[in-house]
$ cat coords.txt   # compact mmCIF, C-alpha atoms and all ligand atoms
# COMPACT_ATOMS: atom_id res chain seq x y z
CA MET A 66 161.59 216.24 186.09
CA PRO A 67 159.79 212.95 186.42
CA ARG A 68 162.22 210.30 187.53
CA GLN A 69 159.84 207.72 188.93
CA GLY A 70 160.98 204.19 188.30
CA LEU A 71 164.61 204.91 187.55
CA CYS A 72 165.95 203.64 190.83
CA SER A 73 162.96 202.61 192.85
CA VAL A 74 162.41 199.06 191.80
CA VAL A 75 163.19 196.28 194.17
CA ARG A 76 166.46 194.77 193.03
CA THR A 77 166.56 191.07 192.62
CA HIS A 78 169.39 188.75 191.82
CA ILE A 79 169.27 185.91 189.42
CA LEU A 80 171.68 183.07 189.27
CA ALA A 81 173.58 183.59 186.10
CA GLU A 82 173.54 180.45 183.98
CA ARG A 83 175.64 181.81 181.21
CA SER A 84 177.34 178.90 179.63
CA THR A 85 175.85 179.23 176.15
CA GLN A 86 176.31 182.97 175.87
CA GLU A 87 179.80 182.78 177.35
CA LYS A 88 180.76 180.17 174.81
CA ILE A 89 179.38 182.26 171.98
CA ARG A 90 181.18 185.32 173.20
CA ASP A 91 184.49 183.62 173.86
CA ASN A 92 184.46 181.82 170.53
CA ARG A 93 183.52 184.94 168.64
CA ARG A 94 186.16 186.99 170.37
CA ALA A 95 188.79 184.37 169.78
CA LYS A 96 187.82 184.59 166.13
CA THR A 97 187.99 188.36 166.01
CA ARG A 98 190.84 188.94 168.45
CA GLN A 99 193.23 189.68 165.66
CA ASN A 100 191.01 192.32 164.16
CA THR A 101 190.05 195.20 166.36
CA THR A 102 188.31 197.14 163.65
CA GLU A 103 184.57 197.04 163.08
CA GLU A 104 184.99 195.93 159.53
CA ALA A 105 185.79 192.29 160.19
CA SER A 106 184.10 190.04 157.72
CA ALA A 107 181.24 187.77 158.75
CA SER A 108 182.21 184.47 160.29
CA PRO A 109 180.09 181.47 159.27
CA ARG A 110 181.15 179.77 162.47
CA GLY A 111 180.10 182.75 164.54
CA GLN A 112 176.75 182.82 162.81
CA THR A 113 176.19 179.15 163.47
CA GLU A 114 176.93 179.62 167.11
CA MET A 115 174.59 182.57 167.33
CA ALA A 116 171.85 180.55 165.74
CA ALA A 117 172.48 177.72 168.18
CA SER A 118 171.94 180.05 171.10
CA CYS A 119 168.43 180.72 169.92
CA THR A 120 167.15 177.34 170.90
CA LEU A 121 166.15 178.97 174.19
CA ALA A 122 162.54 178.15 174.89
CA VAL A 123 159.83 178.96 177.36
CA SER A 124 159.87 176.38 180.12
CA PRO A 125 156.93 175.09 182.18
CA ALA A 126 158.32 177.07 185.09
CA PHE A 127 158.23 180.24 182.97
CA ALA A 128 154.65 179.55 181.94
CA ALA A 129 153.70 179.02 185.58
CA SER A 130 155.42 182.26 186.56
CA CYS A 131 153.20 184.12 184.08
CA SER A 132 149.98 182.85 185.60
CA PRO A 133 147.71 185.41 187.30
CA SER A 134 148.26 183.90 190.71
CA SER A 135 152.01 184.11 190.48
CA SER A 136 152.07 187.72 189.31
CA SER A 137 149.94 189.04 192.15
CA ARG A 138 152.88 190.28 194.20
CA ARG A 139 154.03 193.80 193.39
CA SER A 140 157.65 193.06 192.84
CA ARG A 141 159.18 189.67 192.24
CA ARG A 142 162.53 188.02 191.92
CA PHE A 143 163.10 185.44 189.29
CA GLY A 144 165.94 183.01 189.70
CA VAL A 145 167.42 181.70 186.52
CA VAL A 146 166.70 178.01 186.31
CA ALA A 147 169.32 176.00 184.50
CA MET A 148 167.42 174.06 181.87
CA ALA A 149 169.66 171.19 180.85
CA SER A 150 172.11 171.34 178.02
CA VAL A 151 171.24 174.52 176.14
CA GLY A 152 171.46 176.78 179.15
CA GLN A 153 167.84 177.83 179.11
CA LYS A 154 166.73 180.33 181.67
CA VAL A 155 163.54 181.38 183.29
CA TYR A 156 162.94 185.09 183.25
CA ALA A 157 160.54 187.36 185.07
CA PRO A 158 157.06 187.76 183.56
CA GLY A 159 157.23 190.15 180.65
CA VAL A 160 160.85 189.18 179.88
CA ALA A 161 161.60 186.61 177.19
CA VAL A 162 164.38 185.55 174.84
CA SER A 163 163.78 185.24 171.14
CA GLU A 164 165.71 184.81 167.92
CA GLY A 165 166.33 188.15 166.30
CA ASN A 166 167.67 189.21 162.92
CA GLY A 167 170.59 187.15 161.71
CA GLY A 168 169.82 184.55 164.35
CA LEU A 169 171.13 186.82 167.10
CA PRO A 170 169.46 186.40 170.48
CA LYS A 171 167.37 189.26 171.74
CA ILE A 172 165.46 189.98 174.92
CA ILE A 173 161.87 191.09 174.57
CA LEU A 174 160.25 193.16 177.29
CA LYS A 175 156.46 193.50 177.33
CA SER A 176 154.61 195.61 179.83
CA PRO A 177 150.97 195.01 180.76
CA HIS A 178 150.24 198.54 179.43
CA GLY A 179 151.04 197.47 175.88
CA SER A 180 154.55 198.88 175.55
CA GLU A 181 157.36 196.67 174.24
CA ALA A 182 161.13 196.81 173.88
CA GLU A 183 163.78 194.62 172.28
CA ILE A 184 167.40 194.38 173.33
CA TYR A 185 170.05 192.45 171.42
CA LEU A 186 172.70 190.79 173.56
CA PHE A 187 175.13 191.77 170.83
CA GLY A 188 176.14 195.25 171.94
CA ALA A 189 173.38 195.32 174.60
CA CYS A 190 171.62 197.34 171.94
CA VAL A 191 167.99 198.34 172.47
CA THR A 192 166.65 198.19 168.92
CA SER A 193 162.96 198.80 169.49
CA TRP A 194 160.81 200.75 171.94
CA LYS A 195 157.14 200.63 171.14
CA VAL A 196 154.69 202.72 173.12
CA PRO A 197 151.17 201.39 173.76
CA ASN A 198 149.80 202.72 170.45
CA GLY A 199 152.26 200.41 168.68
CA LYS A 200 154.54 203.16 167.38
CA ASP A 201 158.25 202.39 167.52
CA LEU A 202 160.02 205.56 168.65
CA LEU A 203 163.50 204.20 167.91
CA PHE A 204 165.08 203.79 164.50
CA VAL A 205 167.32 201.12 163.03
CA ARG A 206 169.13 202.14 159.88
CA PRO A 207 168.34 200.22 156.71
CA ASP A 208 172.05 199.47 156.32
CA ALA A 209 172.26 197.91 159.81
CA VAL A 210 173.77 194.44 159.81
CA PHE A 211 172.97 191.71 162.30
CA ASN A 212 175.90 189.37 161.83
CA GLY A 213 177.53 189.48 165.24
CA GLN A 214 180.57 191.13 163.72
CA LYS A 215 179.68 194.76 163.15
CA PRO A 216 177.86 197.02 165.60
CA ILE A 217 174.12 197.32 165.08
CA SER A 218 173.52 200.71 163.47
CA GLY A 219 170.42 201.92 165.20
CA GLY A 220 168.39 201.80 168.39
CA ILE A 221 170.52 202.62 171.41
CA PRO A 222 174.10 201.50 170.81
CA HIS A 223 176.72 201.95 173.53
CA CYS A 224 179.79 204.06 173.07
CA PHE A 225 182.31 202.72 175.61
CA PRO A 226 185.07 203.06 176.69
CA GLN A 227 185.67 205.71 174.04
CA PHE A 228 183.21 208.09 172.44
CA GLY A 229 185.70 208.95 169.74
CA PRO A 230 187.45 209.85 167.67
CA GLY A 231 190.37 208.31 169.53
CA PRO A 232 192.93 205.53 169.53
CA MET A 233 190.51 202.63 169.33
CA GLN A 234 187.68 201.83 166.94
CA GLN A 235 184.98 204.49 166.60
CA HIS A 236 182.76 204.51 169.74
CA GLY A 237 184.77 201.76 171.47
CA PHE A 238 184.11 198.04 171.67
CA ALA A 239 181.06 197.63 173.95
CA ARG A 240 178.63 197.79 171.01
CA ASN A 241 180.66 195.19 169.18
CA VAL A 242 180.56 192.24 171.59
CA ASN A 243 178.03 190.00 173.28
CA TRP A 244 176.78 190.91 176.73
CA SER A 245 175.30 188.38 179.20
CA VAL A 246 171.99 188.46 181.02
CA THR A 247 172.45 188.56 184.79
CA ASP A 248 169.07 189.66 186.18
CA SER A 249 165.46 190.03 185.28
CA GLU A 250 162.70 191.42 187.41
CA VAL A 251 159.18 192.69 187.42
CA ASN A 252 158.00 195.72 189.33
CA GLU A 253 154.26 196.28 189.50
CA GLY A 254 154.00 194.48 186.20
CA ASP A 255 156.77 196.41 184.47
CA PRO A 256 159.64 194.20 183.26
CA ALA A 257 163.37 194.88 183.42
CA VAL A 258 166.50 193.05 182.43
CA THR A 259 170.14 193.59 183.39
CA LEU A 260 173.01 192.77 181.06
CA GLU A 261 176.68 192.60 181.88
CA LEU A 262 179.99 192.97 180.10
CA LYS A 263 183.41 192.18 181.52
CA ASP A 264 186.88 192.50 180.11
CA ASP A 265 188.43 189.62 178.22
CA SER A 266 191.37 189.17 175.90
CA TYR A 267 189.51 190.94 173.10
CA SER A 268 188.77 194.07 175.13
CA ARG A 269 192.24 193.98 176.66
CA SER A 270 193.83 193.99 173.24
CA MET A 271 192.43 197.53 172.91
CA TRP A 272 192.02 198.68 176.49
CA ASP A 273 194.11 196.78 178.99
CA PHE A 274 191.93 197.06 182.10
CA SER A 275 189.67 194.85 184.15
CA PHE A 276 186.16 196.28 184.32
CA GLN A 277 182.55 195.35 184.77
CA ALA A 278 179.73 197.11 182.94
CA SER A 279 176.19 196.50 184.09
CA TYR A 280 173.26 197.80 182.05
CA LYS A 281 169.69 197.65 183.28
CA VAL A 282 166.83 198.32 180.87
CA ALA A 283 163.41 198.86 182.45
CA LEU A 284 160.20 199.25 180.47
CA HIS A 285 157.24 201.25 181.74
CA SER A 286 153.94 202.21 180.14
CA THR A 287 155.23 205.26 178.26
CA SER A 288 158.92 205.28 179.10
CA LEU A 289 162.12 203.28 178.93
CA SER A 290 164.81 203.69 181.57
CA THR A 291 168.40 202.55 181.39
CA THR A 292 171.03 202.46 184.09
CA LEU A 293 174.67 201.97 183.15
CA LYS A 294 177.19 201.20 185.88
CA ILE A 295 180.90 200.95 185.12
CA THR A 296 183.11 199.46 187.85
CA ASN A 297 186.87 199.38 187.94
CA THR A 298 187.75 195.79 188.89
CA ASP A 299 191.42 196.38 188.17
CA ASP A 300 194.19 197.24 190.62
CA LYS A 301 195.08 200.40 188.71
CA PRO A 302 193.01 203.44 187.74
CA PHE A 303 191.45 203.84 184.32
CA SER A 304 189.60 206.55 182.46
CA PHE A 305 186.93 206.40 179.79
CA ASN A 306 184.17 208.32 178.12
CA SER A 307 180.85 207.02 176.95
CA ALA A 308 177.48 207.72 175.35
CA LEU A 309 174.12 206.20 174.58
CA HIS A 310 173.98 206.80 170.85
CA THR A 311 170.17 206.84 170.62
CA TYR A 312 168.63 206.81 167.15
CA PHE A 313 165.07 208.19 167.26
CA SER A 314 162.58 207.75 164.44
CA ALA A 315 161.91 211.16 162.96
CA SER A 316 160.84 213.25 160.04
CA ILE A 317 163.95 215.40 159.99
CA ALA A 318 162.38 218.52 158.47
CA GLY A 319 160.08 218.76 161.50
CA VAL A 320 162.56 217.81 164.22
CA SER A 321 163.53 220.13 167.04
CA VAL A 322 165.41 219.67 170.30
CA LYS A 323 164.72 222.03 173.18
CA GLY A 324 166.78 222.63 176.29
CA LEU A 325 170.31 223.12 175.02
CA LYS A 326 170.44 226.92 175.03
CA GLY A 327 173.46 228.14 176.98
CA SER A 328 175.43 224.88 176.75
CA LYS A 329 179.00 224.94 175.54
CA THR A 330 179.29 223.41 172.07
CA LEU A 331 182.01 221.47 170.31
CA ASN A 332 180.93 221.53 166.71
CA LYS A 333 182.43 218.57 164.85
CA ASP A 334 181.41 220.01 161.50
CA PRO A 335 183.59 220.42 159.46
CA ASP A 336 186.43 218.60 161.29
CA PRO A 337 185.57 216.01 163.94
CA LYS A 338 189.19 215.92 165.11
CA ASN A 339 189.29 219.68 165.68
CA PRO A 340 185.85 220.66 166.93
CA LEU A 341 184.98 224.33 167.05
CA GLU A 342 184.15 225.68 170.49
CA GLY A 343 181.04 227.78 170.89
CA LYS A 344 177.82 228.26 172.81
CA GLU A 345 174.30 227.25 171.85
CA GLU A 346 172.15 230.34 171.45
CA ARG A 347 168.99 228.74 170.09
CA ASP A 348 165.91 227.78 172.10
CA GLU A 349 165.24 225.00 169.63
CA VAL A 350 167.86 223.22 167.59
CA THR A 351 166.66 222.12 164.16
CA PHE A 352 168.26 220.00 161.42
CA PRO A 353 168.26 221.82 158.08
CA GLY A 354 171.54 220.14 157.07
CA PHE A 355 174.43 218.10 158.46
CA VAL A 356 174.62 218.30 162.26
CA ASP A 357 177.34 216.78 164.46
CA CYS A 358 177.71 218.67 167.70
CA VAL A 359 178.74 217.87 171.27
CA TYR A 360 177.10 219.84 174.08
CA LEU A 361 179.13 220.03 177.27
CA GLY A 362 177.22 220.58 180.49
CA ALA A 363 173.89 219.76 178.90
CA PRO A 364 170.78 219.94 181.09
CA SER A 365 169.19 216.92 182.75
CA GLU A 366 166.21 217.03 180.40
CA LEU A 367 165.81 217.69 176.68
CA ILE A 368 162.56 217.69 174.76
CA LEU A 369 162.62 216.12 171.32
CA ASP A 370 159.86 216.80 168.81
CA ASN A 371 160.39 214.00 166.32
CA GLY A 372 158.43 215.70 163.54
CA LEU A 373 156.08 212.71 163.47
CA GLY A 374 153.64 214.05 166.04
CA ASP A 375 155.46 212.82 169.15
CA LYS A 376 157.25 214.68 171.92
CA ILE A 377 159.81 212.74 173.88
CA ALA A 378 161.41 213.85 177.15
CA ILE A 379 165.02 212.65 177.29
CA SER A 380 166.11 212.95 180.90
CA ASN A 381 169.21 211.78 182.64
CA GLU A 382 171.24 211.62 185.79
CA ASN A 383 175.00 211.88 185.42
CA TRP A 384 175.13 211.85 181.64
CA SER A 385 176.49 215.36 181.86
CA ASP A 386 176.86 215.98 178.12
CA ALA A 387 174.83 215.46 174.96
CA VAL A 388 175.43 214.93 171.25
CA LEU A 389 173.18 215.77 168.31
CA TRP A 390 173.85 214.04 165.03
CA ASN A 391 172.19 213.82 161.67
CA PRO A 392 174.37 212.85 158.69
CA HIS A 393 172.20 214.60 156.07
CA LEU A 394 173.35 213.69 152.54
CA GLN A 395 176.14 211.47 153.85
CA MET A 396 173.33 208.95 154.37
CA GLU A 397 170.98 209.96 151.64
CA ALA A 398 168.87 206.82 151.91
CA CYS A 399 167.76 207.36 155.49
CA TYR A 400 168.81 210.69 157.00
CA LYS A 401 165.29 212.08 156.75
CA ASP A 402 163.97 209.28 158.94
CA PHE A 403 166.02 209.64 162.11
CA VAL A 404 167.85 211.90 164.47
CA CYS A 405 170.43 210.94 167.08
CA VAL A 406 170.04 212.64 170.45
CA GLU A 407 172.70 211.13 172.64
CA ASN A 408 173.19 211.34 176.37
CA ALA A 409 176.95 211.34 176.75
CA LYS A 410 179.86 211.65 179.13
CA ILE A 411 182.43 213.27 176.90
CA GLU A 412 184.53 214.69 179.67
CA THR A 413 186.68 211.84 180.89
CA VAL A 414 185.61 209.76 183.87
CA GLN A 415 188.46 208.49 186.01
CA LEU A 416 187.88 205.51 188.29
CA GLY A 417 190.28 204.09 190.85
CA PRO A 418 190.23 200.41 191.81
CA THR A 419 186.77 199.33 193.10
CA GLN A 420 185.20 202.67 192.16
CA SER A 421 182.04 202.83 190.05
CA TRP A 422 180.33 205.38 187.85
CA VAL A 423 176.57 205.23 187.32
CA ALA A 424 174.41 207.12 184.83
CA GLU A 425 170.72 206.86 184.08
CA GLN A 426 168.63 207.78 181.09
CA LYS A 427 164.88 207.91 180.78
CA ILE A 428 163.12 208.45 177.48
CA GLU A 429 159.43 209.16 177.86
CA LEU A 430 156.58 209.92 175.50
CA ILE A 431 154.93 213.07 176.82
O1 LIG B 1 178.76 204.76 164.36
P1 LIG B 1 177.50 205.38 163.83
O2 LIG B 1 176.28 204.83 164.46
O3 LIG B 1 177.46 205.34 162.33
O4 LIG B 1 177.54 206.89 164.23
C1 LIG B 1 178.59 207.73 163.80
C2 LIG B 1 178.42 209.13 164.31
O5 LIG B 1 178.17 209.08 165.70
C3 LIG B 1 178.00 210.35 166.32
O6 LIG B 1 177.78 210.14 167.70
C4 LIG B 1 179.23 211.17 166.14
O7 LIG B 1 179.06 212.44 166.75
C5 LIG B 1 179.54 211.30 164.66
O8 LIG B 1 180.74 212.02 164.51
C6 LIG B 1 179.65 209.94 164.03
O9 LIG B 1 179.83 210.09 162.63

$ encode --input "coords.txt" --output "structure tokens"
Amino acid sequence: MPRQGLCSVVRTHILAERSTQEKIRDNRRAKTRQNTTEEASASPRGQTEMAASCTLAVSPAFAASCSPSSSSRRSRRFGVVAMASVGQKVYAPGVAVSEGNGGLPKIILKSPHGSEAEIYLFGACVTSWKVPNGKDLLFVRPDAVFNGQKPISGGIPHCFPQFGPGPMQQHGFARNVNWSVTDSEVNEGDPAVTLELKDDSYSRSMWDFSFQASYKVALHSTSLSTTLKITNTDDKPFSFNSALHTYFSASIAGVSVKGLKGSKTLNKDPDPKNPLEGKEERDEVTFPGFVDCVYLGAPSELILDNGLGDKIAISNENWSDAVLWNPHLQMEACYKDFVCVENAKIETVQLGPTQSWVAEQKIELI
């Protein structure tokens, strides 16, 4: 399985100048602290603050860092430069901040090969991954909202610290809060950014532990790699489960997923709270109707045919499980246009104080 680029880049550290994002996050969480459901109504104040954060601009130092002479080294570190009052930063070449839908800030990665990716700080959600021919292989649902209140329905949302169903909101809170940028780097021209989430009063109202989540997204010519690291920064153990709930663009009648034969299944159809145990017998899983199935002990690589003429290798390290989901007529307006193939850790991870868990995903056009 090709794993080049997942771990091999030279790590760099960037001074985190986070004041603006921290303020946005703290204010928004203060606003929503009382309401731990995803259905909180939009906050005009929150929206204003989000919009304010998008005054980030390219600085002269950033422009200089993009010049041919400065990009000649193979791998470079880029310190964040505090840029006066709005907390502007300088990122590595190929990494930029822009205003996304609803005024929410997003990171844009551009590789010299012509591939591009977008990551919203809200939920650390990768919403777009374009390969060099310009095709976006991810899907954002038409009902997705970008109001900083509800999770973004599409792209690669996080499920953490609960996959669900369970005691807290569906798929946990990590997709429902702002993350901060802590690093950016360039490796042989390929850009990467690292985002971070830590506990606060909002997370503790649902899950009373101190933790740090670090999420690195690295763009290559025909692939996108992500590394999620969860660290227990508490003085007591905690347990969690998690997933990358990836929405792929698709033509559902032509979709197949290969590689799952032999895996243990927990079929959530018809009752997600009482999944039926079984074993996958098919070489290729297709989607003729509603599908919602967990695969325990899934292999380290699946091959998705998206029915649109593309084959995508979905490989992983340490995401031991997988989930396939298509809502069929429950989402009549869009079910034909996407499929969720999710790398997951359904079986609980337990971490003692100072311990970390790391999992990597690589999605690659083959
Ligand atoms: O929260 P979202 O993006 O609408 O996704 C919901 C679905 O997510 C899937 O991962 C679950 O297996 C489904 O049971 C669930 O309905």

$ residues_near_ligand --input "coords.txt" --ligand "ligand LIG 1 (chain B)" --cutoff "9 Å" --atoms "all atoms listed in the file" --output "JSON, numbers by chain"
{"A": [206, 216, 217, 218, 219, 222, 224, 228, 229, 230, 235, 236, 308, 309, 310, 311, 312, 333, 334, 337, 356, 357, 358, 359, 388, 389, 390, 391, 392, 405, 406, 407]}

$ closest_atom_pairs --input "coords.txt" --of "stretch 275-346 of chain A" --to "stretch 408-422 of chain A" --cutoff "7 Å" --atoms "only C-alpha atoms" --output "tab-separated table"
residue	atom	partner	partner_atom	distance
A:Lys294	CA	A:Trp422	CA	5.6
A:Ile295	CA	A:Trp422	CA	5.2
A:Thr296	CA	A:Ser421	CA	4.2
A:Asn297	CA	A:Thr419	CA	5.2
A:Thr298	CA	A:Thr419	CA	5.6
A:Asp299	CA	A:Pro418	CA	5.6
A:Asp300	CA	A:Pro418	CA	5.2
A:Lys301	CA	A:Pro418	CA	5.8
A:Pro302	CA	A:Gly417	CA	4.2
A:Phe303	CA	A:Leu416	CA	5.6
A:Ser304	CA	A:Gln415	CA	4.2
A:Phe305	CA	A:Val414	CA	5.4
A:Asn306	CA	A:Thr413	CA	5.1
A:Ser307	CA	A:Lys410	CA	5.2
A:Ala308	CA	A:Ala409	CA	3.9
A:Leu309	CA	A:Asn408	CA	5.5

$ residues_around --input "coords.txt" --residues "A:Ile184" --least-positions-apart "2" --cutoff "8 Å" --atoms "all atoms listed in the file" --output "PyMOL selection string"
chain A and resi 171-173+182+186+189-193

$ atom_distance --input "coords.txt" --atom1 "atom CA of A:Ile221" --atom2 "atom CA of A:Val155"
25.3 Å

$ atom_distance --input "coords.txt" --atom1 "atom CA of A:Lys215" --atom2 "atom CA of A:Met233"
14.7 Å

$ atom_distance --input "coords.txt" --atom1 "atom CA of A:Val320" --atom2 "atom CA of A:Asn371"
4.9 Å

$ residues_around --input "coords.txt" --residues "A:Thr351" --least-positions-apart "6" --cutoff "9 Å" --atoms "all atoms listed in the file" --output "PyMOL selection string"
chain A and resi 317-322

$ residues_around --input "coords.txt" --residues "stretch 281-291 of chain A" --least-positions-apart "3" --cutoff "10 Å" --atoms "only C-alpha atoms" --output "count of residues only"
56

$ axis_aligned_box --input "coords.txt" --around "stretch 320-337 of chain A" --padding-each-side "4 Å" --output "JSON"
{"center_x": 174.5, "center_y": 222.1, "center_z": 168.2, "size_x": 31.9, "size_y": 20.1, "size_z": 25.5}

$ closest_residue --input "coords.txt" --among "A:Lys344, A:His393, A:Lys338, A:His223" --to "A:Trp244" --atoms "only C-alpha atoms"
A:His223

$ closest_residue --input "coords.txt" --among "A:Gly362, A:Cys399, A:Val404, A:Ser314" --to "A:Val350" --atoms "only C-alpha atoms"
A:Val404

$ closest_residue --input "coords.txt" --among "A:Trp272, A:Phe211, A:Tyr185, A:Phe355" --to "A:Pro232" --atoms "only C-alpha atoms"
A:Trp272

$ closest_residue --input "coords.txt" --among "A:Ala278, A:Ala161, A:Leu367, A:Leu373" --to "A:Asp402" --atoms "all atoms listed in the file"
A:Leu373
